[in-house]
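A short worksheet on the structure shown next.
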Amino acid sequence: MHREHNTGRPIPKVSIGMPVYDSEGFVREALDSLLAQTFADFELIISDDGSTDRTEDICRGYAAKDRRIRYIRHPEHKGMAANFNFLLREARGEYFMWAAHDDRWDREFIATLLGPLISDEECTTAFCPYVYTDESGKVISPARVCDYSGRSTIVRLLRMCWYYDDACFYGLHRRQSIQDARVPVWWWINSQCPANNNYPVLFYLLSVGDYISVGSSPLWFNRLMRQPPYLTSPYAGRPHLAYSAFGLRKLNVLCESLRSIYLGTSAATTALLIVPVLLARFALDNAQYLAPRARAGLGIALRSLRSRS
């Protein structure tokens with residue numbers, strides 16, 4: 001650990017950014033999991049987006065006990081994208097990771113991912129197998145692996161379009177490579193919806209450097225939660241508006257992802273080569289959204305016909 005010249009404060013090897021908002025239910029478990037890491041040279045920045053529950057008291061209590069924790073509270077709720085971006089700007093370590101307030105990490109998570117990044121300067125992101133858990137913390141899925149590695153930028157981007165697993169957003173990143181990435185805010189009726197807004201960041205990362213998948217055992221435990229009210233679509237009861245919001249959001253993902261690819265490569269040809277693949281992904285996402293709803297609508301219509309006959 002060396003020292004920052006302008007302040008005299010120690011600069012850690014790794015910065016962890018944890019965005020919180022009304023997170024009292026699980027934030028203790030998440031903090032305990034991170035503070036138990038075998039690699040200890042890190043700072044943990046907690047950015048509170050104006051919580052209204054006991055999140056502030058809990059986080060201040062942890063910060064008072066561990067000097068690696070820096071708690072920052074925002075007076076107004078700015079939204080998830082702004083909170084993620086703020087944490088990246090606040091980070092000082094050579095490596096950076098986002099950490100969700102409701103997840104858990106194996107004690108070797110940072111140590112395992114850091115080694116390969118130090119060894120290979122061409123890599124910008126390292127990630128590991130992971131599993132889903134329910135709200136109680138019980139594992140409910142087999143280990144999942146997403147490997148987007150490839151010395152060719154096109155290969156990495158094509159693998160991302162094919163597998164389309166965004167979990168590696170929560171991997172360990174080389175901060176110098178990620179510092180110009182931004183989590184976007186979606187257009188118009190989706191401006192308050194954070195769903196899928198990490199994909200452009202991943203396309204940016206895969207455009208600027210390689211990716212490495214580390215190990216065979218799950219080291220990250222991704223808790224699947226019921227949607228809190230502030231993340232629930234306001235158009236859930238209005239199918240036409242709900243689909244319009246969904247379709248517009250997916251179009252927004254496509255456009256922002258292309259923008260990220262161009263920013264990461266400074267090559268319009270690379271972005272243009274990926275356009276057909278992203279359009280195919282856009283069509284697939286829309287088909288997957290519409291298919292179950294079409295089946296449900298058909299089932300209702302058939303039952304109505306039978307009841308009349």
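Labels for the structure tokens follow display order: chains A, B, ..., residues from 1 in each chain, ligands from 1.
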>> Residues within 10 Å of Pro239 of chain A, please, as a list in words. Count only C-alpha atoms; anything in the same chain fewer than 5 positions from it doesn't count.
In response: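 Answer for this query is Ser244, Ala245 and Arg293 of chain A.
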Per-residue nearest contacts segment 136-196 of chain A to segment 108-119 of chain A, cut-off 8 Å, using only C-alpha atoms, as a tab-separated table:
residue	atom	partner	partner_atom	distance
A:Gly171	CA	A:Leu113	CA	8.0
A:Leu172	CA	A:Leu113	CA	6.5
A:Arg174	CA	A:Leu117	CA	7.5
> In Å, with one decimal, what is the gap from atom CA of Ala126 of chain A to atom CA of Gly150 of chain A?
Replying inline: 12.8 Å
> Which one of A:Tyr211, A:Tyr163, A:Phe282, A:Tyr21 sits closest to Pro75 of chain A if you count only C-alpha atoms?
Replying inline: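 Smallest distance to Pro75 of chain A is found for A:Tyr21.
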> For Ala82 of chain A, which residue among A:Asp57, A:Glu29, A:Asp49, A:Asp102 is the nearest when counting only C-alpha atoms?
Replying inline: A:Asp49
> Nearest to Met97 of chain A among A:Met18, A:Leu272, A:Cys59, A:Ala195, with distances taken over only C-alpha atoms: which residue is it?
Replying inline: A:Met18
> If you run DSSP on this backbone, which residues of segment 36-274 of chain A come out as alpha helix (DSSP H), and could you give them as a ChimeraX atom specification?
Replying inline: /A:55-65,80-90,109-119,153-163,175-178,199-208,239-265,268-274
>> Counting only C-alpha atoms, which residue out of A:Ser23, A:Thr55, A:Asn196, A:Gln176 sits closest to Asp103 of chain A?
In response: A:Ser23
>> What's around Val201 of chain A at 12 Å? Count only C-alpha atoms, leave out sequence neighbours fewer than 2 positions away in its own chain, and write the answer as a ChimeraX atom specification.
In response: /A:81,84-85,88,125,160,166-170,173,177-184,196-199,203-208,253,256-261,263-264
File dump, residues just selected, C-alpha atoms, as a compact mmCIF listing (two decimals), in the first residue's frame:
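So the final result, stored in out-v7.txt, reads:
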# COMPACT_ATOMS: atom_id res chain seq x y z
CA ALA A 81 -26.95 4.65 -12.58
CA PHE A 84 -22.75 3.36 -9.75
CA ASN A 85 -20.94 6.07 -11.71
CA LEU A 88 -16.23 4.60 -9.95
CA THR A 125 -11.61 -7.90 -16.32
CA MET A 160 -20.85 -11.28 -25.32
CA ASP A 166 -23.98 -9.62 -17.47
CA ALA A 167 -22.78 -11.13 -14.18
CA CYS A 168 -19.14 -10.23 -14.89
CA PHE A 169 -20.10 -6.59 -14.33
CA TYR A 170 -19.47 -7.56 -10.69
CA HIS A 173 -11.61 -4.66 -13.29
CA SER A 177 -9.38 0.57 -18.32
CA ILE A 178 -12.83 1.13 -16.87
CA GLN A 179 -12.56 4.75 -15.71
CA ASP A 180 -14.10 6.18 -18.90
CA ALA A 181 -17.05 3.76 -18.86
CA ARG A 182 -20.43 5.03 -17.70
CA VAL A 183 -23.63 3.30 -16.64
CA PRO A 184 -26.26 5.04 -18.80
CA ASN A 196 -29.87 -3.90 -18.38
CA ASN A 197 -27.92 -0.66 -18.00
CA ASN A 198 -24.71 -2.54 -17.19
CA TYR A 199 -24.46 -4.08 -20.69
CA PHE A 203 -19.21 -3.92 -24.16
CA TYR A 204 -16.83 -1.07 -23.37
CA LEU A 205 -14.62 -3.29 -21.22
CA LEU A 206 -14.47 -6.05 -23.82
CA SER A 207 -13.58 -3.43 -26.43
CA VAL A 208 -10.55 -2.09 -24.57
CA VAL A 253 -29.28 -1.03 -24.91
CA GLU A 256 -25.56 2.57 -26.00
CA SER A 257 -23.67 -0.69 -26.53
CA LEU A 258 -22.63 0.40 -30.03
CA ARG A 259 -21.55 3.74 -28.62
CA SER A 260 -19.47 1.96 -25.96
CA ILE A 261 -17.82 -0.25 -28.58
CA LEU A 263 -15.52 4.61 -27.56
CA GLY A 264 -13.53 1.56 -26.52
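Between atom CA of Glu76 of chain A and atom CA of Ser51 of chain A the separation is 8.9 Å.
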> Could you pull the residues within 9 Å of Glu90 of chain A, counting only C-alpha atoms, minus those fewer than 3 positions along the same chain, as a PyMOL selection string?
Replying inline: chain A and resi 15+17+45+85-87
>> Taking only segment 63-190 of chain A into account, list the residues labelled strand (DSSP E or B) by DSSP (computed from the backbone), as a ChimeraX atom specification.
In response: /A:69-73,95-98,104-105,123-127,130-133,139,144,172-174
Can I get the selected residues back with C-alpha atoms, as a PDB file, in the first residue's frame?
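The new file result34.pdb reads:
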ATOM      1  CA  ILE A  69     -14.734   1.741   4.903  1.00  0.00           C
ATOM      2  CA  ARG A  70     -15.684   5.150   3.562  1.00  0.00           C
ATOM      3  CA  TYR A  71     -19.398   5.949   3.900  1.00  0.00           C
ATOM      4  CA  ILE A  72     -20.857   8.731   1.748  1.00  0.00           C
ATOM      5  CA  ARG A  73     -24.499   9.753   1.993  1.00  0.00           C
ATOM      6  CA  TYR A  95      -8.309  -2.319  -9.460  1.00  0.00           C
ATOM      7  CA  PHE A  96     -12.021  -1.790  -8.968  1.00  0.00           C
ATOM      8  CA  MET A  97     -15.169  -3.819  -8.380  1.00  0.00           C
ATOM      9  CA  TRP A  98     -18.809  -3.007  -7.791  1.00  0.00           C
ATOM     10  CA  ARG A 104     -22.058 -12.636  -0.800  1.00  0.00           C
ATOM     11  CA  TRP A 105     -18.463 -13.436  -1.772  1.00  0.00           C
ATOM     12  CA  CYS A 123      -6.699  -8.224 -19.375  1.00  0.00           C
ATOM     13  CA  THR A 124      -9.146  -5.629 -18.132  1.00  0.00           C
ATOM     14  CA  THR A 125     -11.615  -7.896 -16.321  1.00  0.00           C
ATOM     15  CA  ALA A 126     -11.393 -11.104 -14.309  1.00  0.00           C
ATOM     16  CA  PHE A 127     -14.384 -13.095 -13.143  1.00  0.00           C
ATOM     17  CA  TYR A 130     -21.037 -17.982  -9.685  1.00  0.00           C
ATOM     18  CA  VAL A 131     -24.366 -19.277  -8.399  1.00  0.00           C
ATOM     19  CA  TYR A 132     -27.785 -17.817  -7.704  1.00  0.00           C
ATOM     20  CA  THR A 133     -29.256 -17.916  -4.210  1.00  0.00           C
ATOM     21  CA  VAL A 139     -28.110 -21.879  -3.492  1.00  0.00           C
ATOM     22  CA  ARG A 144     -22.597 -20.646 -14.036  1.00  0.00           C
ATOM     23  CA  LEU A 172     -12.692  -7.296 -10.769  1.00  0.00           C
ATOM     24  CA  HIS A 173     -11.613  -4.657 -13.291  1.00  0.00           C
ATOM     25  CA  ARG A 174      -8.445  -2.740 -14.047  1.00  0.00           C
TER      26      ARG A 174
END
> Could you name the residues that touch Val27 of chain A at 12 Å or less, counting only C-alpha atoms, but leaving out those on the same chain fewer than 5 positions away, as a PyMOL selection string?
Replying inline: chain A and resi 18-22+32-34+46+48+53-62+99-104+223
